Each structure stands twice: as C-alpha cells, then as structure tokens.
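See below for target_22.pdb, which holds PDB, C-alpha atoms.
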ATOM      1  CA  MET D1131       1.949 -49.471  12.972
ATOM      2  CA  SER D1132       2.242 -49.720   9.180
ATOM      3  CA  PHE D1133       0.239 -47.875   6.553
ATOM      4  CA  ALA D1134      -0.672 -49.382   3.196
ATOM      5  CA  ASN D1135      -1.407 -47.241   0.150
ATOM      6  CA  ALA D1136      -5.122 -47.672   0.701
ATOM      7  CA  ASN D1137      -4.939 -45.561   3.843
ATOM      8  CA  TYR D1138      -4.080 -42.530   1.723
ATOM      9  CA  THR D1139      -6.317 -43.022  -1.300
ATOM     10  CA  ASP D1140      -7.939 -39.563  -1.165
ATOM     11  CA  ILE D1141      -5.501 -37.667   1.019
ATOM     12  CA  ILE D1142      -3.923 -35.609  -1.770
ATOM     13  CA  ALA D1143      -7.285 -34.448  -3.042
ATOM     14  CA  THR D1144      -8.698 -33.680   0.390
ATOM     15  CA  THR D1145      -5.535 -31.833   1.447
ATOM     16  CA  ILE D1146      -5.615 -29.610  -1.642
ATOM     17  CA  GLN D1147      -9.355 -29.102  -1.179
ATOM     18  CA  ASN D1148      -8.818 -27.948   2.415
ATOM     19  CA  ARG D1149      -6.081 -25.546   1.278
ATOM     20  CA  SER D1150      -7.785 -24.276  -1.877
ATOM     21  CA  LYS D1151      -9.056 -21.005  -0.357
ATOM     22  CA  LYS D1152      -5.636 -20.291   1.133
ATOM     23  CA  ILE D1153      -3.941 -21.042  -2.171
ATOM     24  CA  ALA D1154      -6.338 -18.781  -4.080
ATOM     25  CA  ASP D1155      -5.718 -15.989  -1.554
ATOM     26  CA  ASN D1156      -1.954 -16.394  -1.845
ATOM     27  CA  VAL D1157      -2.159 -16.218  -5.622
ATOM     28  CA  SER D1158      -3.926 -12.854  -5.365
ATOM     29  CA  LYS D1159      -0.946 -11.593  -3.341
ATOM     30  CA  SER D1160       1.668 -12.768  -5.849
ATOM     31  CA  ALA D1161       1.579  -9.651  -8.050
ATOM     32  CA  ALA D1162       0.798  -6.009  -7.334
ATOM     33  CA  LEU D1163      -2.064  -5.861  -9.837
ATOM     34  CA  LEU D1164      -3.692  -9.030  -8.479
ATOM     35  CA  ALA D1165      -3.374  -7.698  -4.941
ATOM     36  CA  LYS D1166      -4.956  -4.380  -5.933
ATOM     37  CA  LEU D1167      -7.805  -6.144  -7.744
ATOM     38  CA  ASN D1168      -8.415  -8.287  -4.675
ATOM     39  CA  GLU D1169      -8.387  -5.210  -2.417
ATOM     40  CA  ARG D1170     -10.827  -3.414  -4.716
ATOM     41  CA  GLY D1171     -13.177  -6.408  -4.960
ATOM     42  CA  ASN D1172     -12.462  -6.893  -8.659
ATOM     43  CA  VAL D1173     -11.791 -10.617  -8.423
ATOM     44  CA  LYS D1174     -15.126 -11.646  -9.917
ATOM     45  CA  PRO D1175     -15.765 -15.383 -10.333
ATOM     46  CA  PHE D1176     -18.029 -16.472 -13.164
ATOM     47  CA  GLY D1177     -20.189 -19.573 -13.186
ATOM     48  CA  GLY D1178     -20.218 -20.829 -16.760
ATOM     49  CA  GLY D1179     -20.465 -20.131 -20.475
ATOM     50  CA  ASN D1180     -18.024 -20.642 -23.314
ATOM     51  CA  VAL D1181     -16.463 -17.169 -22.893
ATOM     52  CA  ILE D1182     -16.023 -14.572 -20.147
ATOM     53  CA  VAL D1183     -18.240 -11.560 -20.853
ATOM     54  CA  GLN D1184     -17.282  -8.146 -19.467
ATOM     55  CA  GLU D1185     -19.957  -5.503 -20.026
ATOM     56  CA  LEU D1186     -18.893  -2.000 -21.025
ATOM     57  CA  SER D1187     -20.340   1.383 -21.983
ATOM     58  CA  PHE D1188     -18.884   2.740 -25.207
ATOM     59  CA  ALA D1189     -20.920   5.903 -25.893
ATOM     60  CA  GLU D1190     -23.007   8.606 -24.260
ATOM     61  CA  ASN D1191     -26.801   8.667 -24.466
ATOM     62  CA  GLY D1192     -27.535  10.938 -27.417
ATOM     63  CA  ASN D1193     -30.988  11.820 -26.028
ATOM     64  CA  ALA D1194     -29.472  14.019 -23.329
ATOM     65  CA  GLY D1195     -29.681  17.765 -23.945
ATOM     66  CA  TRP D1196     -30.963  21.118 -22.765
ATOM     67  CA  TYR D1197     -34.649  21.978 -23.156
ATOM     68  CA  SER D1198     -37.169  24.670 -22.260
ATOM     69  CA  GLY D1199     -40.820  24.462 -21.203
ATOM     70  CA  TYR D1200     -42.852  22.208 -23.501
ATOM     71  CA  ASP D1201     -40.024  21.294 -25.869
ATOM     72  CA  LEU D1202     -40.295  17.750 -27.180
ATOM     73  CA  LEU D1203     -37.703  15.455 -25.638
ATOM     74  CA  PRO D1204     -35.927  12.859 -27.840
ATOM     75  CA  ILE D1205     -36.729   9.277 -26.907
ATOM     76  CA  SER D1206     -34.972   7.325 -29.655
ATOM     77  CA  ALA D1207     -33.413   4.009 -28.729
ATOM     78  CA  GLN D1208     -29.765   4.319 -27.761
ATOM     79  CA  ASP D1209     -27.228   1.568 -28.307
ATOM     80  CA  VAL D1210     -24.628   2.456 -25.655
ATOM     81  CA  ILE D1211     -23.897  -0.874 -23.933
ATOM     82  CA  SER D1212     -21.765  -3.643 -25.351
ATOM     83  CA  ALA D1213     -19.394  -6.258 -23.957
ATOM     84  CA  ALA D1214     -15.870  -7.539 -24.395
ATOM     85  CA  GLU D1215     -15.404 -11.291 -24.616
ATOM     86  CA  PHE D1216     -12.425 -13.201 -23.259
ATOM     87  CA  THR D1217     -11.641 -16.854 -23.758
ATOM     88  CA  ILE D1218     -11.267 -19.121 -20.737
ATOM     89  CA  LYS D1219      -7.625 -19.937 -20.057
ATOM     90  CA  GLN D1220      -6.621 -22.979 -17.998
ATOM     91  CA  LEU D1221      -3.671 -23.578 -15.683
ATOM     92  CA  ALA D1222      -2.766 -26.782 -13.867
ATOM     93  CA  CYS D1223       0.025 -28.289 -11.770
ATOM     94  CA  PRO D1224       0.010 -32.042 -10.954
ATOM     95  CA  VAL D1225       1.075 -33.200  -7.484
ATOM     96  CA  VAL D1226       2.453 -36.741  -7.550
ATOM     97  CA  VAL D1227       3.301 -39.147  -4.710
ATOM     98  CA  SER D1228       4.658 -42.578  -5.534
ATOM     99  CA  GLY D1229       3.665 -45.732  -3.711
ATOM    100  CA  LEU D1230       7.250 -46.120  -2.498
ATOM    101  CA  GLU D1231       7.213 -42.608  -1.015
ATOM    102  CA  GLN D1232       3.994 -43.415   0.812
ATOM    103  CA  LEU D1233       5.618 -46.531   2.288
ATOM    104  CA  GLN D1234       8.849 -44.730   3.143
ATOM    105  CA  ASN D1235       6.981 -41.955   4.912
ATOM    106  CA  ALA D1236       5.320 -44.362   7.322
ATOM    107  CA  GLY D1237       2.947 -42.638   9.721
ATOM    108  CA  PRO D1238       0.411 -39.901   8.954
ATOM    109  CA  GLU D1239       2.554 -37.020  10.213
ATOM    110  CA  ALA D1240       5.509 -37.907   7.991
ATOM    111  CA  PHE D1241       3.289 -38.331   4.947
ATOM    112  CA  ILE D1242       1.441 -35.084   5.559
ATOM    113  CA  ASP D1243       4.783 -33.262   5.794
ATOM    114  CA  LEU D1244       5.800 -34.711   2.439
ATOM    115  CA  LEU D1245       2.469 -33.844   0.883
ATOM    116  CA  GLU D1246       2.397 -30.305   2.307
ATOM    117  CA  GLY D1247       5.831 -29.710   0.818
ATOM    118  CA  ARG D1248       4.763 -30.919  -2.603
ATOM    119  CA  ILE D1249       1.572 -28.861  -2.526
ATOM    120  CA  GLY D1250       3.542 -25.822  -1.381
ATOM    121  CA  VAL D1251       5.785 -26.122  -4.428
ATOM    122  CA  ALA D1252       2.737 -26.515  -6.671
ATOM    123  CA  GLU D1253       1.147 -23.452  -5.068
ATOM    124  CA  ALA D1254       4.272 -21.327  -5.610
ATOM    125  CA  THR D1255       4.540 -22.548  -9.184
ATOM    126  CA  MET D1256       0.931 -21.610  -9.912
ATOM    127  CA  GLN D1257       1.497 -18.178  -8.354
ATOM    128  CA  ASN D1258       4.473 -17.573 -10.636
ATOM    129  CA  ARG D1259       2.600 -18.702 -13.730
ATOM    130  CA  LEU D1260      -0.314 -16.370 -12.989
ATOM    131  CA  ALA D1261       1.997 -13.489 -12.063
ATOM    132  CA  ALA D1262       3.787 -13.932 -15.391
ATOM    133  CA  GLY D1263       0.450 -14.210 -17.166
ATOM    134  CA  ILE D1264      -0.554 -10.769 -15.893
ATOM    135  CA  TYR D1265       1.939  -9.310 -18.390
ATOM    136  CA  ALA D1266       1.222 -11.754 -21.227
ATOM    137  CA  ASP D1267      -0.644 -10.967 -24.431
ATOM    138  CA  GLY D1268      -2.566 -14.244 -24.622
ATOM    139  CA  THR D1269      -0.573 -15.717 -27.505
ATOM    140  CA  GLY D1270       2.062 -17.630 -25.525
ATOM    141  CA  THR D1271       2.047 -21.423 -25.233
ATOM    142  CA  GLY D1272      -0.008 -21.669 -28.388
ATOM    143  CA  GLY D1273      -2.539 -19.081 -27.264
ATOM    144  CA  LYS D1274      -3.176 -20.724 -23.890
ATOM    145  CA  GLU D1275      -1.732 -18.001 -21.607
ATOM    146  CA  LEU D1276      -3.681 -15.195 -19.938
ATOM    147  CA  THR D1277      -4.818 -12.231 -22.005
ATOM    148  CA  GLY D1278      -2.788  -9.905 -19.794
ATOM    149  CA  LEU D1279      -1.545  -6.317 -19.867
ATOM    150  CA  ASN D1280       0.458  -6.742 -23.052
ATOM    151  CA  ALA D1281      -2.905  -7.233 -24.777
ATOM    152  CA  ALA D1282      -4.968  -4.778 -22.730
ATOM    153  CA  VAL D1283      -2.370  -1.976 -22.893
ATOM    154  CA  PRO D1284      -0.218  -2.774 -25.940
ATOM    155  CA  ILE D1285       2.705  -0.851 -27.365
ATOM    156  CA  ASP D1286       0.579   0.163 -30.353
ATOM    157  CA  PRO D1287      -2.974   0.776 -29.110
ATOM    158  CA  THR D1288      -4.363   1.625 -32.561
ATOM    159  CA  THR D1289      -4.289  -1.893 -33.991
ATOM    160  CA  GLY D1290      -5.296  -5.410 -33.029
ATOM    161  CA  VAL D1291      -8.390  -7.075 -31.625
ATOM    162  CA  TYR D1292      -8.790  -7.178 -27.837
ATOM    163  CA  GLY D1293     -11.781  -8.728 -26.121
ATOM    164  CA  GLY D1294     -13.354  -9.236 -29.536
ATOM    165  CA  ILE D1295     -13.276  -5.482 -30.334
ATOM    166  CA  ASP D1296     -11.077  -4.091 -33.113
ATOM    167  CA  ARG D1297      -9.096  -1.085 -31.922
ATOM    168  CA  ALA D1298      -8.629   0.131 -35.483
ATOM    169  CA  ASN D1299     -12.382   0.704 -35.753
ATOM    170  CA  PHE D1300     -13.241   1.867 -32.219
ATOM    171  CA  THR D1301     -11.178   4.650 -30.697
ATOM    172  CA  PHE D1302     -12.893   4.268 -27.296
ATOM    173  CA  TRP D1303     -11.076   0.927 -26.967
ATOM    174  CA  ARG D1304      -7.584   2.381 -27.292
ATOM    175  CA  SER D1305      -5.207   2.797 -24.371
ATOM    176  CA  THR D1306      -2.318   5.320 -24.306
ATOM    177  CA  THR D1307       1.386   4.724 -24.924
ATOM    178  CA  LYS D1308       4.117   7.211 -24.022
ATOM    179  CA  ASP D1309       7.852   6.930 -24.788
ATOM    180  CA  VAL D1310      10.223   8.499 -22.252
ATOM    181  CA  ASN D1311      12.618   9.501 -25.037
ATOM    182  CA  THR D1312      10.142  11.922 -26.595
ATOM    183  CA  SER D1313      10.370  14.151 -23.522
ATOM    184  CA  THR D1314      12.586  17.228 -23.640
ATOM    185  CA  ALA D1315      12.472  17.743 -19.861
ATOM    186  CA  THR D1316      15.434  17.245 -17.550
ATOM    187  CA  VAL D1317      13.558  14.577 -15.593
ATOM    188  CA  LYS D1318      12.163  12.688 -18.564
ATOM    189  CA  LEU D1319      10.306   9.925 -16.732
ATOM    190  CA  GLN D1320       8.520  12.367 -14.424
ATOM    191  CA  ASP D1321       7.531  14.444 -17.430
ATOM    192  CA  THR D1322       6.329  11.387 -19.355
ATOM    193  CA  LEU D1323       4.258  10.231 -16.397
ATOM    194  CA  ASN D1324       2.668  13.690 -16.270
ATOM    195  CA  HIS D1325       1.672  13.470 -19.935
ATOM    196  CA  ALA D1326       0.368   9.920 -19.581
ATOM    197  CA  TRP D1327      -1.672  10.906 -16.522
ATOM    198  CA  SER D1328      -3.321  13.850 -18.257
ATOM    199  CA  SER D1329      -4.150  11.626 -21.253
ATOM    200  CA  ILE D1330      -6.253   9.120 -19.311
ATOM    201  CA  VAL D1331      -7.807  11.130 -16.464
ATOM    202  CA  LYS D1332     -11.494  11.954 -16.823
ATOM    203  CA  GLY D1333     -13.094  13.761 -13.901
ATOM    204  CA  GLN D1334     -12.575  11.537 -10.893
ATOM    205  CA  GLU D1335     -11.514   8.637 -13.104
ATOM    206  CA  ARG D1336      -7.780   8.440 -12.598
ATOM    207  CA  PRO D1337      -5.041   5.821 -12.214
ATOM    208  CA  ASP D1338      -4.521   4.178  -8.841
ATOM    209  CA  LEU D1339      -1.670   1.748  -9.573
ATOM    210  CA  ILE D1340       1.621   2.148 -11.468
ATOM    211  CA  PRO D1341       3.647  -1.098 -11.572
ATOM    212  CA  MET D1342       7.230  -0.711 -12.808
ATOM    213  CA  ASP D1343      10.017  -3.090 -13.733
ATOM    214  CA  ASN D1344      13.421  -2.769 -12.044
ATOM    215  CA  LEU D1345      14.931  -0.307 -14.514
ATOM    216  CA  MET D1346      11.908   1.983 -14.652
ATOM    217  CA  TRP D1347      11.621   1.916 -10.841
ATOM    218  CA  ASN D1348      15.312   2.753 -10.367
ATOM    219  CA  THR D1349      15.022   5.684 -12.757
ATOM    220  CA  TYR D1350      11.875   6.991 -11.060
ATOM    221  CA  VAL D1351      13.470   6.838  -7.602
ATOM    222  CA  ARG D1352      16.630   8.504  -8.918
ATOM    223  CA  GLU D1353      14.616  11.382 -10.349
ATOM    224  CA  LEU D1354      12.756  11.830  -7.078
ATOM    225  CA  GLN D1355      16.021  11.943  -5.177
ATOM    226  CA  ALA D1356      17.394  14.551  -7.574
ATOM    227  CA  LEU D1357      14.334  16.690  -6.948
ATOM    228  CA  GLN D1358      14.640  16.141  -3.171
ATOM    229  CA  ARG D1359      11.035  14.993  -3.056
ATOM    230  CA  PHE D1360      11.767  11.359  -2.307
ATOM    231  CA  THR D1361      10.215   9.776   0.758
ATOM    232  CA  ASP D1362      10.973   6.368   2.175
ATOM    233  CA  PRO D1363       8.907   3.622   0.547
ATOM    234  CA  LYS D1364       6.145   2.331   2.759
ATOM    235  CA  VAL D1365       4.058  -0.798   2.601
ATOM    236  CA  GLY D1366       0.730   0.091   1.063
ATOM    237  CA  SER D1367      -2.580  -1.243   2.281
ATOM    238  CA  PHE D1368      -2.388  -4.143  -0.163
ATOM    239  CA  GLY D1369       0.980  -5.383   1.060
ATOM    240  CA  PHE D1370       3.519  -4.032  -1.455
ATOM    241  CA  PRO D1371       6.179  -1.350  -0.838
ATOM    242  CA  THR D1372       5.001   1.772  -2.628
ATOM    243  CA  ILE D1373       5.851   5.367  -3.346
ATOM    244  CA  LYS D1374       3.468   7.828  -4.953
ATOM    245  CA  PHE D1375       2.856   9.569  -8.232
ATOM    246  CA  MET D1376      -0.029  11.987  -7.725
ATOM    247  CA  ASP D1377      -2.199   9.765  -5.492
ATOM    248  CA  ALA D1378      -1.458   6.483  -7.307
ATOM    249  CA  ASP D1379       0.671   3.730  -5.787
ATOM    250  CA  VAL D1380       3.938   3.259  -7.663
ATOM    251  CA  VAL D1381       5.019  -0.337  -7.132
ATOM    252  CA  LEU D1382       8.164  -2.285  -7.961
ATOM    253  CA  ASP D1383       6.795  -5.366  -9.694
ATOM    254  CA  GLY D1384      10.236  -6.610 -10.570
ATOM    255  CA  GLY D1385      12.871  -7.650  -8.075
ATOM    256  CA  ILE D1386      14.085 -11.256  -8.072
ATOM    257  CA  GLY D1387      12.329 -13.140 -10.818
ATOM    258  CA  GLY D1388      10.061 -10.227 -11.697
ATOM    259  CA  PHE D1389       7.851 -10.637 -14.732
ATOM    260  CA  ALA D1390       7.295  -7.017 -15.793
ATOM    261  CA  PRO D1391       8.740  -6.283 -19.256
ATOM    262  CA  SER D1392      12.047  -4.426 -19.208
ATOM    263  CA  LYS D1393      11.922  -0.604 -19.277
ATOM    264  CA  THR D1394       8.157  -0.601 -18.868
ATOM    265  CA  ALA D1395       5.673   0.967 -16.482
ATOM    266  CA  TRP D1396       1.891   0.690 -16.516
ATOM    267  CA  MET D1397      -0.446   3.451 -15.430
ATOM    268  CA  LEU D1398      -3.601   1.588 -14.477
ATOM    269  CA  ASN D1399      -7.076   2.513 -13.347
ATOM    270  CA  THR D1400      -7.933  -0.810 -11.722
ATOM    271  CA  LYS D1401     -11.621   0.080 -11.463
ATOM    272  CA  TRP D1402     -11.859  -1.196 -15.038
ATOM    273  CA  ILE D1403      -9.699  -4.331 -14.699
ATOM    274  CA  PHE D1404     -10.929  -7.674 -13.380
ATOM    275  CA  LEU D1405      -9.560 -11.100 -12.578
ATOM    276  CA  ARG D1406     -12.278 -13.557 -13.599
ATOM    277  CA  PRO D1407     -11.681 -17.073 -12.211
ATOM    278  CA  HIS D1408     -14.255 -19.792 -12.746
ATOM    279  CA  SER D1409     -16.183 -20.345  -9.512
ATOM    280  CA  ALA D1410     -15.607 -24.109  -9.739
ATOM    281  CA  ARG D1411     -11.967 -23.965 -10.823
ATOM    282  CA  ASN D1412     -10.157 -21.501  -8.578
ATOM    283  CA  MET D1413      -7.123 -23.383  -7.250
ATOM    284  CA  VAL D1414      -8.961 -26.624  -6.508
ATOM    285  CA  PRO D1415      -8.336 -30.320  -7.244
ATOM    286  CA  LEU D1416      -9.198 -31.061 -10.841
ATOM    287  CA  ASN D1417     -10.990 -34.180  -9.651
ATOM    288  CA  PRO D1418     -11.780 -34.743  -5.962
ATOM    289  CA  ASN D1419     -11.542 -38.512  -6.379
ATOM    290  CA  LYS D1420      -8.355 -40.556  -6.250
ATOM    291  CA  ARG D1421      -6.223 -40.783  -9.372
ATOM    292  CA  TYR D1422      -3.683 -43.464 -10.108
ATOM    293  CA  ALA D1423      -1.246 -43.668 -12.990
ATOM    294  CA  VAL D1424      -2.264 -46.470 -15.321
ATOM    295  CA  ASN D1425       1.156 -48.100 -15.520
ATOM    296  CA  GLN D1426       2.887 -46.693 -12.421
ATOM    297  CA  ASP D1427       2.601 -47.093  -8.646
ATOM    298  CA  ALA D1428       1.770 -43.428  -8.057
ATOM    299  CA  GLU D1429      -1.107 -41.263  -6.922
ATOM    300  CA  VAL D1430      -1.714 -37.992  -8.765
ATOM    301  CA  GLN D1431      -3.838 -34.974  -8.033
ATOM    302  CA  ILE D1432      -3.997 -31.866 -10.184
ATOM    303  CA  LEU D1433      -4.238 -28.353  -8.764
ATOM    304  CA  ALA D1434      -6.215 -26.364 -11.326
ATOM    305  CA  TRP D1435      -7.332 -22.829 -12.174
ATOM    306  CA  ALA D1436      -9.398 -21.459 -15.041
ATOM    307  CA  GLY D1437     -10.331 -17.912 -16.012
ATOM    308  CA  ASN D1438      -8.759 -14.809 -17.506
ATOM    309  CA  LEU D1439      -7.856 -11.187 -16.923
ATOM    310  CA  ALA D1440     -10.525  -8.849 -18.315
ATOM    311  CA  CYS D1441     -10.841  -5.115 -18.892
ATOM    312  CA  ASN D1442     -13.842  -2.938 -19.784
ATOM    313  CA  GLY D1443     -12.099   0.444 -19.799
ATOM    314  CA  ALA D1444      -9.013   0.324 -22.034
ATOM    315  CA  ARG D1445      -9.027   4.094 -22.574
ATOM    316  CA  TYR D1446      -8.295   4.630 -18.864
ATOM    317  CA  GLN D1447      -4.994   2.700 -19.048
ATOM    318  CA  ALA D1448      -1.515   3.765 -20.179
ATOM    319  CA  ARG D1449       1.844   2.225 -20.889
ATOM    320  CA  ILE D1450       5.147   4.046 -20.407
ATOM    321  CA  LEU D1451       8.208   2.644 -22.163
ATOM    322  CA  ASP D1452      11.747   3.551 -23.133
ATOM    323  CA  ASN D1453      12.782   2.908 -26.731
ATOM    324  CA  GLY D1454      16.152   4.521 -26.065
ATOM    325  CA  THR D1455      18.728   4.635 -23.291
ATOM    326  CA  TYR D1456      17.336   7.039 -20.713
ATOM    327  CA  VAL D1457      15.927   4.422 -18.337
ATOM    328  CA  SER D1458      18.676   2.433 -16.629
TER     329      SER D1458
END

Starting from the file, give its structure as structure tokens.
Amino acid sequence: MSFANANYTDIIATTIQNRSKKIADNVSKSAALLAKLNERGNVKPFGGGNVIVQELSFAENGNAGWYSGYDLLPISAQDVISAAEFTIKQLACPVVVSGLEQLQNAGPEAFIDLLEGRIGVAEATMQNRLAAGIYADGTGTGGKELTGLNAAVPIDPTTGVYGGIDRANFTFWRSTTKDVNTSTATVKLQDTLNHAWSSIVKGQERPDLIPMDNLMWNTYVRELQALQRFTDPKVGSFGFPTIKFMDADVVLDGGIGGFAPSKTAWMLNTKWIFLRPHSARNMVPLNPNKRYAVNQDAEVQILAWAGNLACNGARYQARILDNGTYVS
C-alpha cells in the first residue's frame, strides 16, 4: 500500500497539537527555576494585550496608625499599587519534512517515527532556548530574548530600567548583590550567603531557591564538607538534586551545557517571580493548517511559544558573585 503526500497534509500540525501539553510540561522541567515556578503555581498564562502586566505593591498605606477613643482617622487616598510591564517575547522552531522523506517512509508507522524524532529535537531545542533565556537580560538577539534573571537581579541593582520602572528612582525595585571576595570569613561563600539572606528576608518572606553554576556549587559543597555539615544531595520535590541553605533548595543549574553565568548564584524568593506564557501560544503549532514551501516539495510546521519571565518583588531577590579567585 503506497501513501501519497496528500495522506499526510495535516499530520505534522496535528501531531504537535496532540503533544503540545506534554511539550509545555517538559519545558517547565528544563531549568530549576521553571520547575519551581511550575510547582508553586506561578506559571500564569495571559490572554492578550500588547504587554504583560504584573501588578505590584510598592508602598505601605499611610493611613495606618494608632488611635484612641474618638480620634479622627485619616482617610486620604493612597497610591500604593502599580505594575511592571514586560514585552512579549517570541520563540519558534520549524519542523520540516520533505516530500521525498514522506515517500521514503512509506507506511504510517514509519512516517510517525520520523516525525516524532523531528518533533523531539524541536522540543529539546525549545527547552534549551528557554532555559538559556532564564538567565538572559532581554537584550540578546536584538532585544528578542527573555527578560530573565540578568535583568531582574542584575550585577548593579541601582541603575537601569526593569519592567518599565527605573531603579535609580525607586529603591523598592532594587535587588541585592553580594561579592564573595568582600568576606573576611574562612568560609567566604557561606558567609556571603548569610549576608545576602539577611538582606532580603522580611518576616516570613524568605528565599526558597538558590540556583548555582558549576563553580559556585563546587565551592559551596567543598565548604560544607570542610565544616562536616554536608549531607548527600537528594532529589527535591520538583525533580532536581538539592542541598539546603537555611530552608532554601540549593540547586546545581549547571552541569553539561548549563546556562547559569560563571561564578554566580541566585538567591530567589520565587513567590514574586512568574513565567507568563500566552494562553494561545504555549508550545503549539503556529498555524494548525498545512504549510508548504512555495518553491520546495516540503511540508513545514512551526512549534511556537510567546511570553516572558516577570517579577513583582525585585527587593526579595539577591545575586551572589565572585569578582576574584575564591570560587573555583
């Protein structure tokens, strides 16, 4: 039994469509921060608009105060709510099958195997691009990449505009940066983590995730071993091997092909960080109908994603770096 091209006119699109939820789930497991956001329920799709709006509270209500008996209570209007705005970033990966490949893979099973392999590669590629984008600053590829941690928790948190808010003018929008080399302690990274922690904790608001690159992770483990307080890494509830600092998960987000910047750790309170995919563009076919190249015998379907990483609590985040030679 032979199969002409017409038998497969929509098969790429329908196959991606059937796998789209699985692909989106796998993407959320491709980086420790994405996995933690998914576990916390902070993957929040949005439905439309020209920007992604993330509401935030930037001040206390000035009407609050002590009173006695018939004292008059202040009731002036209070401007305490604002929002950060993030542009919509787009990511795509075309899946192409030529007419000759369709003929050579005669029979539905053979063709599906070919197609599944191609889609699997596209899926892995998209995962890597998003995982890398988590650490981007939004300026790469001509400003098309995610507005990731390098923008949300920059080296210098006193300058620059993030989410449409100028850090130079609004101190509430500044994260914390600590350099390991400023510590005078014997275990410099431990000491620096202590100082970073105390700088961003507020009541029960405290970090829950500390991703590290290879060098920072190796140094942290070495210091724990020296203090004889090291315990075997275990797989945390969100699927990544972890050890602890205070009660936060310390995660190696490096390894083979890791994307974390060298000699860098992030101390994150993920309550205030969100992945915001578009509800109609979360690892789905760009067009559910068949696509053919104009001047080639080939069928094309495009796996697409749109959205951005957003934050509405920059002051609860910290960055730990090494501008010297201690971390190795």

Item to complete: Run the PyMOL selection byres ((chain D and resi 1297-1311) around 9) mentally over the shown coordinates, then write out the matched residues as a PyMOL selection string, using the chain letters and numbers from the document.
Response: chain D and resi 1188-1189+1282-1292+1295-1296+1312-1314+1318-1323+1325-1326+1329-1330+1442-1457

Please write the residues from the selection above to a file, keeping C-alpha atoms, as a compact mmCIF listing (two decimals), in the coordinates of the input.
# COMPACT_ATOMS: atom_id res chain seq x y z
CA PHE D 1188 -18.88 2.74 -25.21
CA ALA D 1189 -20.92 5.90 -25.89
CA ALA D 1282 -4.97 -4.78 -22.73
CA VAL D 1283 -2.37 -1.98 -22.89
CA PRO D 1284 -0.22 -2.77 -25.94
CA ILE D 1285 2.70 -0.85 -27.36
CA ASP D 1286 0.58 0.16 -30.35
CA PRO D 1287 -2.97 0.78 -29.11
CA THR D 1288 -4.36 1.62 -32.56
CA THR D 1289 -4.29 -1.89 -33.99
CA GLY D 1290 -5.30 -5.41 -33.03
CA VAL D 1291 -8.39 -7.08 -31.62
CA TYR D 1292 -8.79 -7.18 -27.84
CA ILE D 1295 -13.28 -5.48 -30.33
CA ASP D 1296 -11.08 -4.09 -33.11
CA THR D 1312 10.14 11.92 -26.60
CA SER D 1313 10.37 14.15 -23.52
CA THR D 1314 12.59 17.23 -23.64
CA LYS D 1318 12.16 12.69 -18.56
CA LEU D 1319 10.31 9.93 -16.73
CA GLN D 1320 8.52 12.37 -14.42
CA ASP D 1321 7.53 14.44 -17.43
CA THR D 1322 6.33 11.39 -19.36
CA LEU D 1323 4.26 10.23 -16.40
CA HIS D 1325 1.67 13.47 -19.93
CA ALA D 1326 0.37 9.92 -19.58
CA SER D 1329 -4.15 11.63 -21.25
CA ILE D 1330 -6.25 9.12 -19.31
CA ASN D 1442 -13.84 -2.94 -19.78
CA GLY D 1443 -12.10 0.44 -19.80
CA ALA D 1444 -9.01 0.32 -22.03
CA ARG D 1445 -9.03 4.09 -22.57
CA TYR D 1446 -8.30 4.63 -18.86
CA GLN D 1447 -4.99 2.70 -19.05
CA ALA D 1448 -1.52 3.76 -20.18
CA ARG D 1449 1.84 2.22 -20.89
CA ILE D 1450 5.15 4.05 -20.41
CA LEU D 1451 8.21 2.64 -22.16
CA ASP D 1452 11.75 3.55 -23.13
CA ASN D 1453 12.78 2.91 -26.73
CA GLY D 1454 16.15 4.52 -26.06
CA THR D 1455 18.73 4.64 -23.29
CA TYR D 1456 17.34 7.04 -20.71
CA VAL D 1457 15.93 4.42 -18.34

Worksheet item: Quick one: residues within 6 Å of region 1374-1388 of chain D, only C-alpha atoms counted, chain neighbours fewer than 2 positions away excluded, as a PyMOL selection string?
Response: chain D and resi 1338-1344+1372+1390

Practice prompt. Have a look at D:Asn1348, D:Ser1458, D:Ile1432, D:Leu1398 and name the one nearest to Ile1249 (chain D); count all atoms listed in the file.
Written response: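 That would be D:Ile1432, the residue with the smallest distance to Ile1249 (chain D).
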
Response to the item:
In Å and to one decimal, CA of Gln1220 (chain D) is distant from CA of Leu1279 (chain D) by 17.5 Å

Discussion item. One decimal, in Å: what's the spacing between CA of Gly1268 (chain D) and CA of Ala1281 (chain D)?
Written reply: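 Spanning CA of Gly1268 (chain D) to CA of Ala1281 (chain D) is a straight-line distance of 7.0 Å.
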